[in-house]
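What's in upload-v6.csv: CSV, C-alpha atoms
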chain,number,residue,atom,x,y,z
A,1,MET,CA,65.1,166.0,71.7
A,2,LYS,CA,65.6,163.3,74.3
A,3,ASN,CA,69.1,162.2,75.2
A,4,LYS,CA,70.2,159.0,73.5
A,5,ILE,CA,70.9,155.8,75.5
A,6,THR,CA,74.4,154.5,76.0
A,7,PHE,CA,74.6,150.7,76.0
A,8,LYS,CA,76.8,149.1,78.6
A,9,ARG,CA,77.6,145.4,78.2
A,10,VAL,CA,77.6,143.3,81.5
A,11,GLU,CA,79.4,140.0,82.2
A,12,LEU,CA,78.2,137.3,84.5
A,13,PRO,CA,81.0,136.2,86.9
A,14,GLN,CA,81.9,132.6,87.5
A,15,GLN,CA,80.8,133.1,91.1
A,16,TRP,CA,78.8,135.7,93.0
A,17,ILE,CA,78.8,136.4,96.7
A,18,ASP,CA,75.9,138.0,98.5
A,19,GLU,CA,77.7,140.2,101.0
A,20,ALA,CA,74.5,141.6,102.3
A,21,LYS,CA,73.3,138.1,103.3
A,22,ARG,CA,76.6,137.5,105.1
A,23,SER,CA,76.3,140.7,107.0
A,24,SER,CA,72.7,140.0,108.0
A,25,TYR,CA,73.8,136.6,109.3
A,26,LYS,CA,76.6,138.1,111.4
A,27,GLU,CA,74.2,140.7,112.8
A,28,ARG,CA,71.8,137.9,113.8
A,29,LEU,CA,74.6,136.1,115.7
A,30,ILE,CA,75.6,139.3,117.5
A,31,SER,CA,71.9,140.0,118.4
A,32,ILE,CA,71.6,136.5,119.9
A,33,GLU,CA,74.8,136.9,121.9
A,34,ASP,CA,73.7,140.2,123.3
A,35,LYS,CA,70.3,138.9,124.4
A,36,LEU,CA,71.9,135.7,125.8
A,37,ASN,CA,74.5,137.6,127.9
A,38,ASN,CA,72.2,140.3,129.1
A,39,ASP,CA,68.4,139.6,129.4
A,40,ILE,CA,68.7,135.8,129.5
A,41,LYS,CA,71.6,135.8,131.9
A,42,GLU,CA,69.8,138.2,134.3
A,43,GLN,CA,66.6,136.1,134.3
A,44,ILE,CA,68.5,132.8,134.9
A,45,GLU,CA,70.6,134.3,137.8
A,46,THR,CA,67.5,135.9,139.3
A,47,GLU,CA,66.1,132.4,139.8
A,48,GLY,CA,69.3,131.5,141.7
A,49,LEU,CA,70.7,129.4,138.9
A,50,GLU,CA,74.2,129.5,137.4
A,51,PHE,CA,74.4,131.1,134.0
A,52,SER,CA,76.6,128.4,132.5
A,53,LEU,CA,77.5,127.0,129.1
A,54,THR,CA,76.3,123.6,130.2
A,55,LEU,CA,72.8,124.9,131.0
A,56,ILE,CA,72.5,127.0,127.8
A,57,ASN,CA,73.6,124.0,125.7
A,58,LYS,CA,70.9,121.9,127.3
A,59,MET,CA,68.3,124.5,126.4
A,60,ARG,CA,69.7,124.6,122.9
A,61,GLY,CA,69.2,120.9,122.5
A,62,SER,CA,65.6,120.7,123.9
A,63,ASN,CA,62.7,123.1,124.3
A,64,ASP,CA,61.8,121.6,127.7
A,65,ALA,CA,65.4,121.3,129.1
A,66,ILE,CA,64.7,123.7,131.9
A,67,ARG,CA,61.8,121.6,133.2
A,68,VAL,CA,63.9,118.4,133.0
A,69,GLU,CA,66.6,120.2,135.0
A,70,MET,CA,64.2,121.5,137.6
A,71,ASN,CA,62.7,118.0,138.0
A,72,LYS,CA,66.2,116.6,138.5
A,73,ALA,CA,67.1,119.3,141.0
A,74,TYR,CA,63.9,118.6,142.9
A,75,LEU,CA,64.7,114.9,143.1
A,76,ASP,CA,68.3,115.5,144.1
A,77,TYR,CA,67.2,117.8,146.9
A,78,THR,CA,64.5,115.5,148.3
A,79,LYS,CA,67.0,112.6,148.3
A,80,THR,CA,69.1,114.5,150.9
A,81,LEU,CA,66.3,114.6,153.4
A,82,LYS,CA,65.2,111.8,155.6
A,83,PHE,CA,61.6,112.9,156.1
A,84,ILE,CA,59.4,115.6,154.4
A,85,PRO,CA,55.8,116.2,155.3
A,86,LYS,CA,53.6,115.6,152.2
A,87,ALA,CA,52.4,119.2,152.2
A,88,GLU,CA,56.0,120.5,152.4
A,89,MET,CA,57.0,118.2,149.5
A,90,GLN,CA,54.2,119.6,147.4
A,91,ARG,CA,55.2,123.1,148.2
A,92,VAL,CA,58.9,122.5,147.3
A,93,LYS,CA,57.9,120.7,144.1
A,94,GLN,CA,55.7,123.7,143.2
A,95,SER,CA,58.7,126.0,143.8
A,96,PHE,CA,60.8,124.1,141.3
A,97,ASP,CA,57.9,124.0,138.8
A,98,ASP,CA,57.5,127.8,139.1
A,99,ILE,CA,61.1,128.3,138.1
A,100,ALA,CA,60.6,126.1,135.1
A,101,ASN,CA,57.5,128.0,134.2
A,102,ARG,CA,59.2,131.4,134.4
A,103,LEU,CA,62.2,130.2,132.3
A,104,GLU,CA,60.2,128.2,129.8
A,105,SER,CA,59.9,131.1,127.3
A,106,ILE,CA,63.7,131.6,127.5
A,107,ASN,CA,64.2,127.9,126.8
A,108,ILE,CA,61.9,127.8,123.8
A,109,TRP,CA,63.5,131.0,122.4
A,110,LEU,CA,67.0,129.6,122.6
A,111,PHE,CA,65.9,126.3,121.2
A,112,ASN,CA,64.2,127.9,118.2
A,113,GLN,CA,67.0,130.4,117.5
A,114,LEU,CA,69.9,128.0,117.8
A,115,GLN,CA,68.5,125.0,116.0
A,116,SER,CA,69.4,126.5,112.6
A,117,ILE,CA,72.9,127.7,113.6
A,118,PRO,CA,75.6,125.0,113.1
A,119,ILE,CA,78.1,126.8,115.3
A,120,ARG,CA,79.1,125.8,118.8
A,121,LEU,CA,78.9,128.1,121.8
A,122,VAL,CA,82.0,128.7,123.9
A,123,GLU,CA,82.6,130.6,127.1
A,124,VAL,CA,85.1,133.5,126.8
A,125,LYS,CA,85.7,136.0,129.7
A,126,ASN,CA,82.4,135.2,131.4
A,127,ARG,CA,80.4,135.6,128.2
A,128,ILE,CA,78.8,132.8,126.1
A,129,ILE,CA,79.5,133.5,122.4
A,130,PHE,CA,79.6,131.6,119.2
A,131,ASP,CA,83.1,130.2,118.4
A,132,LEU,CA,84.7,132.9,116.3
A,133,LYS,CA,86.7,130.4,114.1
A,134,GLU,CA,83.6,128.4,113.3
A,135,VAL,CA,81.7,131.7,112.6
A,136,GLU,CA,84.2,132.7,110.0
A,137,GLN,CA,84.3,129.3,108.4
A,138,HIS,CA,80.5,129.1,108.2
A,139,ILE,CA,80.2,132.7,106.8
A,140,GLU,CA,82.3,131.6,103.9
A,141,THR,CA,79.6,129.1,102.9
A,142,ILE,CA,76.8,131.7,102.9
A,143,GLY,CA,75.5,133.7,99.9
A,144,VAL,CA,77.7,131.9,97.4
A,145,ARG,CA,76.2,131.3,94.0
A,146,SER,CA,78.0,129.7,91.0
A,147,PHE,CA,76.8,130.2,87.4
A,148,THR,CA,76.6,127.7,84.6
A,149,ASP,CA,77.6,128.0,80.9
A,150,THR,CA,73.8,128.1,80.2
A,151,ASP,CA,73.5,131.1,82.6
A,152,ARG,CA,76.3,132.9,80.8
A,153,GLU,CA,74.9,132.2,77.4
A,154,TYR,CA,71.5,133.6,78.6
A,155,VAL,CA,73.2,136.9,79.7
A,156,LYS,CA,75.1,137.0,76.4
A,157,LEU,CA,71.8,136.8,74.5
A,158,LEU,CA,70.3,139.5,76.8
A,159,ASN,CA,73.2,141.8,76.1
A,160,GLU,CA,72.8,141.3,72.3
A,161,ALA,CA,69.0,142.0,72.6
A,162,THR,CA,69.5,145.0,74.8
A,163,GLU,CA,72.2,146.4,72.5
A,164,THR,CA,69.8,146.1,69.5
A,165,LEU,CA,66.9,147.7,71.4
A,166,VAL,CA,69.2,150.6,72.4
A,167,LYS,CA,70.1,151.1,68.7
A,168,VAL,CA,66.5,151.1,67.7
A,169,ARG,CA,65.5,153.5,70.5
A,170,ASN,CA,68.3,155.9,69.6
A,171,PHE,CA,67.2,155.7,65.9
A,172,GLU,CA,63.7,156.7,67.1
A,173,ILE,CA,65.1,159.6,69.1
A,174,GLU,CA,67.2,160.8,66.1
A,175,ASN,CA,64.4,160.6,63.6
A,176,GLY,CA,61.4,161.8,65.7
A,177,PHE,CA,59.7,158.4,65.9
A,178,ALA,CA,57.2,157.6,68.6
A,179,GLU,CA,58.6,155.3,71.3
A,180,TYR,CA,58.0,151.7,70.3
A,181,SER,CA,61.2,149.8,71.0
A,182,THR,CA,61.3,150.3,74.8
A,183,LYS,CA,57.7,151.3,75.7
A,184,ALA,CA,55.8,148.7,77.7
A,185,LEU,CA,52.6,150.5,78.8
A,186,HIS,CA,50.2,153.1,77.3
A,187,VAL,CA,48.2,155.1,79.8
A,188,ILE,CA,44.6,156.0,78.9
A,189,PRO,CA,43.3,158.8,81.2
A,190,SER,CA,39.8,158.3,82.6
A,191,LEU,CA,37.1,160.6,81.3
A,192,MET,CA,35.2,160.3,84.5
A,193,GLU,CA,36.4,162.0,87.7
A,194,GLY,CA,37.5,159.6,90.4
A,195,LEU,CA,38.2,156.7,88.1
A,196,ALA,CA,41.8,155.4,87.8
A,197,PRO,CA,43.4,155.5,84.3
A,198,MET,CA,43.8,152.4,82.3
A,199,PHE,CA,47.1,150.8,81.6
A,200,VAL,CA,47.4,148.9,78.2
A,201,ALA,CA,50.4,146.8,77.3
A,202,CYS,CA,52.1,148.0,74.2
A,203,GLY,CA,55.5,148.3,72.5
A,204,LEU,CA,58.0,145.9,71.0
A,205,SER,CA,58.1,143.6,74.1
A,206,THR,CA,54.4,143.1,73.9
A,207,ASP,CA,54.3,142.4,70.2
A,208,ALA,CA,57.3,140.1,70.5
A,209,THR,CA,55.3,137.7,72.5
A,210,GLN,CA,53.3,137.1,69.3
A,211,GLY,CA,56.5,137.0,67.2
A,212,ILE,CA,55.7,140.1,65.2
A,213,VAL,CA,56.5,143.7,64.6
A,214,ASN,CA,53.4,145.9,64.7
A,215,LEU,CA,53.3,147.4,61.2
A,216,GLN,CA,50.2,149.4,62.0
A,217,TYR,CA,52.4,152.0,63.5
A,218,ILE,CA,53.9,152.6,60.1
A,219,ILE,CA,50.8,152.1,58.0
A,220,ASN,CA,48.7,154.5,60.2
A,221,ASN,CA,51.6,156.9,60.4
A,222,THR,CA,51.4,156.9,64.2
A,223,HIS,CA,55.2,156.2,64.4
A,224,ARG,CA,55.9,159.8,63.5
A,225,ILE,CA,56.0,162.6,66.2
A,226,LEU,CA,57.3,166.1,66.1
A,227,VAL,CA,61.0,166.2,67.0
A,228,ASP,CA,60.5,169.1,69.4
A,229,GLN,CA,57.8,167.4,71.4
What is this file in structure tokens?
Amino acid sequence: MKNKITFKRVELPQQWIDEAKRSSYKERLISIEDKLNNDIKEQIETEGLEFSLTLINKMRGSNDAIRVEMNKAYLDYTKTLKFIPKAEMQRVKQSFDDIANRLESINIWLFNQLQSIPIRLVEVKNRIIFDLKEVEQHIETIGVRSFTDTDREYVKLLNEATETLVKVRNFEIENGFAEYSTKALHVIPSLMEGLAPMFVACGLSTDATQGIVNLQYIINNTHRILVDQ
């Protein structure tokens, strides 16, 4: 004989916090910081630029900030010179454009990643990181769900229905009845090799959609099984 089911009532809290969602958000921030202070820093400094909070914030605010910066740097540079041959000016301009081209993907990545994060960046011990106080404040707003009286009434009804189903299923087990209360699918094996079996909806949950109890189980005597099966 199968073991009987033990019913356990559950209660819906006033508020529920998704800790996994909060942890995932923290991990995302850490991942961004690591990339920013390693790969991105190296690529920026390789171009001879200063890895600064000012530059990163500009990239955060616009996906073409590095191109704007390089155009400005080019103009500032040429203003200091009295005369530049046209060919040389074109060569210098191309040099600044090349830097913008090489750093464009970094700019776009930072813009896309940071647009959805409402936390300012700060510089701490030569690292650019998210402000820790703002991180903690924002985390408190993530994954919070409040439940209404209607939600709690729904769970109450589910508890009552489940408790009844458990009672019926235990009655079936005690008296050797075929499973009806908690069964949802009936498997019909295929008679032909290679064909998948059929799955037919059955049981109380299926019949309940029609608002009935299937008396054919009783009339046809198919509700009875041997206790030792």
TODO: Find, counting all atoms listed in the file, the residue in A:Ile173, A:Ile40, A:Val68, A:Leu55 that gets nearest to A:Trp109.
DONE: A:Ile40
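Distances from A:Ile212, A:Ile119, A:Ser190, A:Lys82 to A:Val135 were compared using all atoms listed in the file, and the smallest one belongs to A:Ile119.
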Open item on the list: Between A:Ala196, A:Ala184, A:Ala87, A:Arg120, which residue has the minimum interatomic distance to A:Ala208, considering only C-alpha atoms?
Closed with: A:Ala184
Open item on the list: With distances taken over all atoms listed in the file, which residue among A:Pro13, A:Ile108, A:Val187, A:Leu103 lies nearest A:Lys41?
Closed with: A:Leu103
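Counting only C-alpha atoms, the residue from A:Glu50, A:Thr182, A:Gly176, A:Ser205 that sits nearest to A:Thr222 is A:Gly176.
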Open item on the list: Just want the 12 Å neighbourhood of A:Val155, counted on all atoms listed in the file, with same-chain residues fewer than 5 positions away dropped. Output as an MDAnalysis selection string.
Closed with: chainID A and resid 9:13 147:150 160:163
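Coordinates place atom CA of A:Glu33 at a distance of 5.8 Å from atom CA of A:Ile129.
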Open item on the list: Neighbouring residues of A:Glu140 were defined as those with any atom within 12 Å, considering all atoms listed in the file; residues of the same chain fewer than 5 positions away were excluded. Please report them as number ranges by chain.
Closed with: A: 17-19, 21-23, 25-26, 133-135, 145
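Of the residues under consideration (A:Pro85, A:Glu174, A:Asn37, A:Asn112), A:Asn112 shows the shortest atom-to-atom contact distance to A:Gly61 when counting only C-alpha atoms.
Distance-wise, atom CA of A:Glu179 and atom CA of A:His223 end up 7.7 Å apart.
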TODO: Record the distance separating atom CA of A:Lys58 and atom CA of A:Ala100, expressed in Å with one decimal.
DONE: 13.6 Å
- [ ] Tell me, as a ChimeraX atom specification, which residues lie within 12 Å of A:Ile128, counting all atoms listed in the file; anything in the same chain fewer than 6 positions away does not count.
- [x] /A:29-30,32-38,40-41,51-57,120-122
Mind checking which residues fall within 12 Å of A:Asp207, counting only C-alpha atoms, ignoring those fewer than 2 positions away in the same chain, and posting them as a PDB file with C-alpha atoms, in the frame of the given file?
ATOM      1  CA  TYR A 180      58.000 151.700  70.300  1.00  0.00           C
ATOM      2  CA  SER A 181      61.200 149.800  71.000  1.00  0.00           C
ATOM      3  CA  THR A 182      61.300 150.300  74.800  1.00  0.00           C
ATOM      4  CA  LYS A 183      57.700 151.300  75.700  1.00  0.00           C
ATOM      5  CA  ALA A 184      55.800 148.700  77.700  1.00  0.00           C
ATOM      6  CA  LEU A 185      52.600 150.500  78.800  1.00  0.00           C
ATOM      7  CA  ALA A 201      50.400 146.800  77.300  1.00  0.00           C
ATOM      8  CA  CYS A 202      52.100 148.000  74.200  1.00  0.00           C
ATOM      9  CA  GLY A 203      55.500 148.300  72.500  1.00  0.00           C
ATOM     10  CA  LEU A 204      58.000 145.900  71.000  1.00  0.00           C
ATOM     11  CA  SER A 205      58.100 143.600  74.100  1.00  0.00           C
ATOM     12  CA  THR A 209      55.300 137.700  72.500  1.00  0.00           C
ATOM     13  CA  GLN A 210      53.300 137.100  69.300  1.00  0.00           C
ATOM     14  CA  GLY A 211      56.500 137.000  67.200  1.00  0.00           C
ATOM     15  CA  ILE A 212      55.700 140.100  65.200  1.00  0.00           C
ATOM     16  CA  VAL A 213      56.500 143.700  64.600  1.00  0.00           C
ATOM     17  CA  ASN A 214      53.400 145.900  64.700  1.00  0.00           C
ATOM     18  CA  LEU A 215      53.300 147.400  61.200  1.00  0.00           C
ATOM     19  CA  GLN A 216      50.200 149.400  62.000  1.00  0.00           C
ATOM     20  CA  TYR A 217      52.400 152.000  63.500  1.00  0.00           C
TER      21      TYR A 217
END
